[in-house]
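Trainee: Structure below; questions to follow.
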Amino acid sequence: MRDMLHRIIERAKANGVAFADARYVENDSTGIRLQDGRTEKLSQSIQKAVGVRVLVEGAWGFASTNRLSNRELEDCLDSAVGMAKAAEGKVAEPGVVELVEPRSDVVKATVRRHPREVPMEKKVRRLLLFHKEAEAAGDGKLANVLVTYADSYFREMVCNTIGTMVDDEQIRVMVGTTVTAAERGVRQRGHKHVGGTAGYEMIEETEPADVGGEAARSAVSLLSARRAPSGRFPVIFHPSITGLFVHEAVGHNIEADLVFSGASIIAGRLGKAVASDLVTIVDDSTVRGLNGSYAYDSEGVRGGKRVLVENGTLKGYLHSLETAARFGAKPTGSGRAQDAHSMPIVRMSNTFIEPGERSLDEVVGEMGEGILLDEGEWGYVMTERGQFTCRAHRGQLIKDGKLADPIREVSVSGMTLQALEDIDAVTREFETDMPGTCGKQGQGAPVQGGGPYIRVKELVVGGQE
């Protein structure tokens, strides 16, 4: 395959392209779904394909194929060049590429136990233990138990006209439990999942009680929790909410393609304050074991630790080769593609606020009334308007400096820059326990989030008295 990619790039050069890259992507994945102790779905798929991207007179062309022969790749290149020439002179913003030092590297995934070495039936037996622990912790109130498992082997080879040739392997696993508890007409959910760049040893070393049991205890406890009040309150974010907030409200605004298109509220604010001086935000694809980690992005650029906001000041954006050229910046290794049939776009990896110096007890103790949000569910941001919403499954009221009544079904919303400015406490307690998949422009990318507990002076809380 390496020789085939080289051959296509040499052919692209002969065709006079300004830039071209060819990516071979292999994705071998397994999924298991257990519902109420029964195996509901098993899946396994292997996909191999090549995507070819070219830049001709300012116009991009892209084509892909899963027929891996020299002739098919030549046809793929010809199609990409043809598309670019058809668009030549008709694009609103001519494409550009930042020229970087070429890289040559082979990165092998290092795991103690490859998921493919474990028979499917053994994986199912392991998942049944998560179900068993959920049932044991459910106090007879569980209406539904769902256990899911996924693993993937992802290999990406990138060859381009700059001279880069990299071959990067990634292995990921994930297991989770979602539980529904019911009592006297009230139904509540609890969920817990763990995952990252690791082998099957992560599943073997994860205690089923810490996933299945915790999800069940959470659901049962919420049956007696009150609904959240509505109004404006000081709010403390649990690290899972901090992760949602920093990803949705901040991270997408720092993706340079959105900045360039005018869809970000922080365009033109490099070197200026965008948050409290307590806030430092990083995106780091080098943290071992996290779900969003990788050695090279889909453009063959080395990943790294990117300090985006430092002590409240905006230090930089996330860049691909194209956006780096537009901004006169260095690529950050943030050009990621879902597969060979997708073009690289600017994406986050592992994004979090760095820890502070205070303890959670200190931060809670100095408050009068407020709300602590826990167990983040989802978030949404309108980047161009600077407005965000985060949804928490659970939380606690704060009264007279103490954690009080549990609450459920809580959402908070606000204006992104105002909320960042209003962060007045950041704890030293820190978690990055939010593996997941981020969707953008129809593509999914593995990511992870988290951070410390943070306190925001005031946010709109949506609930019900």
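The way I read the labels, and the way they are meant: chains A, B, ... in the order of the structure tokens, residue 1 as the first residue of every chain, and ligand 1 as the first ligand shown, with later ones counted on from there.
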Write out as a ChimeraX atom specification which residues come within 9 Å of region 47-61 of chain A when counting only C-alpha atoms, dropping same-chain ones fewer than 5 positions away.
Mentor: /A:5,8,12,16-29,66-68,73,76-77,79-91,93-97,339-343
Trainee: With DSSP run on the backbone, what are the helix (DSSP H, G or I) residues within region 4-34 of chain A? I'd like them as a list of chain:residue names.
Mentor: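 Put together, the selection reads A:Met4, A:Leu5, A:His6, A:Arg7, A:Ile8, A:Ile9, A:Glu10, A:Arg11, A:Ala12, A:Lys13, A:Ala14.
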Trainee: Fewer than 2 positions away in the same chain doesn't count, so skip those; otherwise give me all residues within 10 Å of region 429-446 of chain A, counting only C-alpha atoms, as a ChimeraX atom specification.
Mentor: /A:172,174,192-197,238-244,247-248,252,290-294,336-339,342-360,375-376,426-427,448-454
Trainee: Would you put the residues from that selection into a file with C-alpha atoms, as a short mmCIF file (atom, residue, chain, number, x, y, z; two decimals), in the first residue's frame?
Mentor:
data_model
loop_
_atom_site.label_atom_id
_atom_site.label_comp_id
_atom_site.auth_asym_id
_atom_site.auth_seq_id
_atom_site.Cartn_x
_atom_site.Cartn_y
_atom_site.Cartn_z
CA ARG A 172 -9.86 2.10 21.09
CA MET A 174 -15.38 1.52 25.25
CA LYS A 192 -21.74 5.47 33.05
CA HIS A 193 -19.17 4.60 30.42
CA VAL A 194 -15.41 4.35 30.19
CA GLY A 195 -13.14 4.14 27.18
CA GLY A 196 -10.03 5.38 25.46
CA THR A 197 -7.03 4.44 23.35
CA HIS A 238 -18.75 19.08 37.88
CA PRO A 239 -15.79 18.09 35.62
CA SER A 240 -18.23 16.31 33.28
CA ILE A 241 -20.12 19.59 32.79
CA THR A 242 -16.85 21.51 32.51
CA GLY A 243 -15.94 19.11 29.72
CA LEU A 244 -19.23 19.75 27.93
CA HIS A 247 -15.97 21.48 24.17
CA GLU A 248 -19.26 22.91 22.99
CA HIS A 252 -15.86 24.87 18.46
CA LEU A 290 -7.51 9.23 26.24
CA ASN A 291 -10.08 8.69 23.53
CA GLY A 292 -9.07 11.70 21.44
CA SER A 293 -5.35 10.89 21.35
CA TYR A 294 -3.36 10.25 18.18
CA ARG A 336 -8.96 15.02 11.02
CA ALA A 337 -11.13 12.89 8.76
CA GLN A 338 -13.66 10.26 9.82
CA ASP A 339 -12.55 7.84 7.12
CA SER A 342 -14.20 12.14 3.99
CA MET A 343 -11.91 15.15 3.62
CA PRO A 344 -9.97 16.37 6.68
CA ILE A 345 -11.57 19.24 8.61
CA VAL A 346 -10.50 21.06 11.77
CA ARG A 347 -11.37 19.02 14.87
CA MET A 348 -10.67 18.96 18.60
CA SER A 349 -9.00 16.01 20.35
CA ASN A 350 -8.83 16.00 24.18
CA THR A 351 -10.01 19.42 25.35
CA PHE A 352 -10.08 20.62 28.95
CA ILE A 353 -9.58 23.47 31.39
CA GLU A 354 -6.42 23.01 33.42
CA PRO A 355 -6.79 22.58 37.21
CA GLY A 356 -6.54 25.45 39.68
CA GLU A 357 -5.43 25.68 43.29
CA ARG A 358 -8.61 25.65 45.39
CA SER A 359 -10.55 22.70 46.82
CA LEU A 360 -14.19 21.94 46.08
CA GLU A 375 -23.38 14.02 35.24
CA GLY A 376 -23.30 15.94 31.98
CA VAL A 426 -11.26 26.68 39.60
CA THR A 427 -10.49 23.62 41.74
CA GLN A 448 -12.46 13.35 25.28
CA GLY A 449 -13.20 16.16 27.71
CA GLY A 450 -13.24 17.13 31.33
CA GLY A 451 -11.42 19.45 33.68
CA PRO A 452 -11.75 20.73 37.24
CA TYR A 453 -14.84 21.95 39.07
CA ILE A 454 -15.44 25.54 38.01
#
Trainee: Need the shell around region 400-403 of chain A: protein/DNA/RNA residues with any atom at most 10 Å away, counting only C-alpha atoms. Skip same-chain ones fewer than 3 positions apart. Format as a PyMOL selection string?
Mentor: chain A and resi 361-372+395-397+406
Trainee: Write out as a VMD selection string the set of residues from region 122-367 of chain A that DSSP, computed on the backbone, places in strand (DSSP E).
Mentor: chain A and resid 142 to 160 165 to 183 186 to 197 226 to 227 231 to 237 281 to 284 305 to 310 313 to 314 335 to 336 345 to 346 350 to 353
Trainee: Mind writing the picked residues with C-alpha atoms as an mmCIF file, in the first residue's frame?
Mentor:
data_model
loop_
_atom_site.group_PDB
_atom_site.id
_atom_site.type_symbol
_atom_site.label_atom_id
_atom_site.label_comp_id
_atom_site.auth_asym_id
_atom_site.auth_seq_id
_atom_site.Cartn_x
_atom_site.Cartn_y
_atom_site.Cartn_z
ATOM 1 C CA LEU A 142 -35.001 -1.108 37.246
ATOM 2 C CA ALA A 143 -37.234 -1.019 34.182
ATOM 3 C CA ASN A 144 -34.413 -1.409 31.678
ATOM 4 C CA VAL A 145 -30.672 -2.153 31.567
ATOM 5 C CA LEU A 146 -28.628 -1.524 28.451
ATOM 6 C CA VAL A 147 -24.944 -2.506 28.215
ATOM 7 C CA THR A 148 -22.923 -1.508 25.162
ATOM 8 C CA TYR A 149 -19.406 -2.295 24.011
ATOM 9 C CA ALA A 150 -17.297 -1.102 21.093
ATOM 10 C CA ASP A 151 -13.733 -1.583 19.949
ATOM 11 C CA SER A 152 -11.894 -0.400 16.871
ATOM 12 C CA TYR A 153 -8.582 -0.779 15.118
ATOM 13 C CA PHE A 154 -7.894 2.345 13.066
ATOM 14 C CA ARG A 155 -4.916 2.645 10.708
ATOM 15 C CA GLU A 156 -4.260 5.714 8.599
ATOM 16 C CA MET A 157 -1.432 6.124 6.071
ATOM 17 C CA VAL A 158 -0.895 9.611 4.668
ATOM 18 C CA CYS A 159 1.310 10.391 1.663
ATOM 19 C CA ASN A 160 1.488 13.863 0.104
ATOM 20 C CA MET A 165 4.687 9.552 4.550
ATOM 21 C CA VAL A 166 3.274 8.536 7.936
ATOM 22 C CA ASP A 167 1.537 5.375 9.096
ATOM 23 C CA ASP A 168 -0.415 5.686 12.368
ATOM 24 C CA GLU A 169 -2.284 2.923 14.254
ATOM 25 C CA GLN A 170 -4.890 3.545 16.963
ATOM 26 C CA ILE A 171 -6.856 1.023 19.038
ATOM 27 C CA ARG A 172 -9.856 2.102 21.091
ATOM 28 C CA VAL A 173 -12.279 0.335 23.413
ATOM 29 C CA MET A 174 -15.382 1.518 25.247
ATOM 30 C CA VAL A 175 -17.975 -0.016 27.552
ATOM 31 C CA GLY A 176 -21.027 1.612 29.069
ATOM 32 C CA THR A 177 -24.235 0.970 30.953
ATOM 33 C CA THR A 178 -27.471 2.957 30.725
ATOM 34 C CA VAL A 179 -30.181 2.146 33.262
ATOM 35 C CA THR A 180 -33.796 3.261 33.587
ATOM 36 C CA ALA A 181 -35.389 3.126 37.036
ATOM 37 C CA ALA A 182 -39.129 3.524 37.603
ATOM 38 C CA GLU A 183 -41.321 4.060 40.667
ATOM 39 C CA VAL A 186 -41.480 8.503 37.765
ATOM 40 C CA ARG A 187 -38.782 7.250 35.409
ATOM 41 C CA GLN A 188 -35.135 8.262 35.648
ATOM 42 C CA ARG A 189 -31.974 7.267 33.812
ATOM 43 C CA GLY A 190 -28.443 6.717 34.977
ATOM 44 C CA HIS A 191 -25.449 6.108 32.776
ATOM 45 C CA LYS A 192 -21.745 5.465 33.051
ATOM 46 C CA HIS A 193 -19.174 4.596 30.421
ATOM 47 C CA VAL A 194 -15.414 4.349 30.185
ATOM 48 C CA GLY A 195 -13.136 4.138 27.181
ATOM 49 C CA GLY A 196 -10.033 5.377 25.457
ATOM 50 C CA THR A 197 -7.026 4.444 23.349
ATOM 51 C CA ARG A 226 -36.749 17.127 43.260
ATOM 52 C CA ARG A 227 -36.948 18.988 39.990
ATOM 53 C CA GLY A 231 -33.939 31.315 37.682
ATOM 54 C CA ARG A 232 -30.487 32.824 37.884
ATOM 55 C CA PHE A 233 -28.017 31.194 40.260
ATOM 56 C CA PRO A 234 -24.321 30.831 40.944
ATOM 57 C CA VAL A 235 -23.423 27.472 39.423
ATOM 58 C CA ILE A 236 -20.605 24.994 40.027
ATOM 59 C CA PHE A 237 -19.825 22.641 37.149
ATOM 60 C CA ILE A 281 -7.735 25.830 28.084
ATOM 61 C CA VAL A 282 -5.727 23.208 26.219
ATOM 62 C CA ASP A 283 -6.380 20.714 23.446
ATOM 63 C CA ASP A 284 -3.907 17.851 23.717
ATOM 64 C CA LYS A 305 -0.470 20.040 23.193
ATOM 65 C CA ARG A 306 -2.074 23.271 22.029
ATOM 66 C CA VAL A 307 -2.598 26.024 24.586
ATOM 67 C CA LEU A 308 -5.663 27.833 23.296
ATOM 68 C CA VAL A 309 -6.426 30.162 26.197
ATOM 69 C CA GLU A 310 -3.755 30.995 28.770
ATOM 70 C CA THR A 313 -5.949 35.340 26.997
ATOM 71 C CA LEU A 314 -6.667 33.790 23.596
ATOM 72 C CA GLY A 335 -7.013 18.228 10.445
ATOM 73 C CA ARG A 336 -8.956 15.016 11.022
ATOM 74 C CA ILE A 345 -11.570 19.240 8.609
ATOM 75 C CA VAL A 346 -10.504 21.061 11.770
ATOM 76 C CA ASN A 350 -8.829 16.005 24.182
ATOM 77 C CA THR A 351 -10.014 19.419 25.350
ATOM 78 C CA PHE A 352 -10.085 20.622 28.949
ATOM 79 C CA ILE A 353 -9.583 23.472 31.389
#
Trainee: For CA of Ser411 (chain A) and CA of Gly462 (chain A), quote the distance in Å rounded to one decimal.
Mentor: 5.1 Å
Trainee: I'd like the neighbourhood of Asp139 (chain A) as a PyMOL selection string, where a residue qualifies if any of its atoms comes within 10 Å (using only C-alpha atoms), though same-chain residues fewer than 3 positions away should be ignored.
Mentor: chain A and resi 134-136+142+181+216-217+220
Trainee: Please dump the current selection as a PDB file, in the first residue's frame; keep N, CA and C atoms.
Mentor:
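Result file is part-v1.pdb:
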ATOM      1  N   ALA A 134     -25.533  -4.003  37.705  1.00  0.00           N
ATOM      2  CA  ALA A 134     -26.601  -3.015  37.644  1.00  0.00           C
ATOM      3  C   ALA A 134     -27.863  -3.533  38.332  1.00  0.00           C
ATOM      4  N   GLU A 135     -28.228  -4.782  38.043  1.00  0.00           N
ATOM      5  CA  GLU A 135     -29.401  -5.377  38.676  1.00  0.00           C
ATOM      6  C   GLU A 135     -29.242  -5.425  40.196  1.00  0.00           C
ATOM      7  N   ALA A 136     -28.048  -5.790  40.662  1.00  0.00           N
ATOM      8  CA  ALA A 136     -27.813  -5.907  42.098  1.00  0.00           C
ATOM      9  C   ALA A 136     -27.939  -4.565  42.800  1.00  0.00           C
ATOM     10  N   LEU A 142     -35.481  -1.321  38.597  1.00  0.00           N
ATOM     11  CA  LEU A 142     -35.001  -1.108  37.246  1.00  0.00           C
ATOM     12  C   LEU A 142     -36.018  -1.577  36.212  1.00  0.00           C
ATOM     13  N   ALA A 181     -34.685   3.532  35.819  1.00  0.00           N
ATOM     14  CA  ALA A 181     -35.389   3.126  37.036  1.00  0.00           C
ATOM     15  C   ALA A 181     -36.784   3.746  37.023  1.00  0.00           C
ATOM     16  N   ALA A 216     -26.833   2.269  37.927  1.00  0.00           N
ATOM     17  CA  ALA A 216     -28.083   1.903  38.610  1.00  0.00           C
ATOM     18  C   ALA A 216     -28.310   2.751  39.861  1.00  0.00           C
ATOM     19  N   ARG A 217     -27.269   2.954  40.638  1.00  0.00           N
ATOM     20  CA  ARG A 217     -27.420   3.770  41.856  1.00  0.00           C
ATOM     21  C   ARG A 217     -27.820   5.196  41.507  1.00  0.00           C
ATOM     22  N   VAL A 220     -31.623   5.208  40.481  1.00  0.00           N
ATOM     23  CA  VAL A 220     -32.509   4.999  41.642  1.00  0.00           C
ATOM     24  C   VAL A 220     -32.533   6.240  42.531  1.00  0.00           C
TER      25      VAL A 220
END
Trainee: Tell me, in Å to one decimal, how far CA of Ala228 (chain A) is from CA of Met415 (chain A).
Mentor: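 Computing it gives 20.7 Å between the two atoms.
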Trainee: Which residues, written as a list in words, have at least one atom at most 9 Å from Arg326 (chain A), with only C-alpha atoms counted and residues fewer than 2 positions away on the same chain left out?
Mentor: Gly95, Val96, Val97, Glu98, Phe260, Leu321, Glu322, Thr323, Ala324, Gly328 and Ala329 of chain A
Trainee: Please determine, counting only C-alpha atoms, which residue among A:Lys122, A:Lys457, A:Lys399, A:Arg391 has the shortest atom-to-atom distance to Leu420 (chain A).
Mentor: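 Comparing A:Lys122, A:Lys457, A:Lys399, A:Arg391 against Leu420 (chain A), the winner is A:Lys457.
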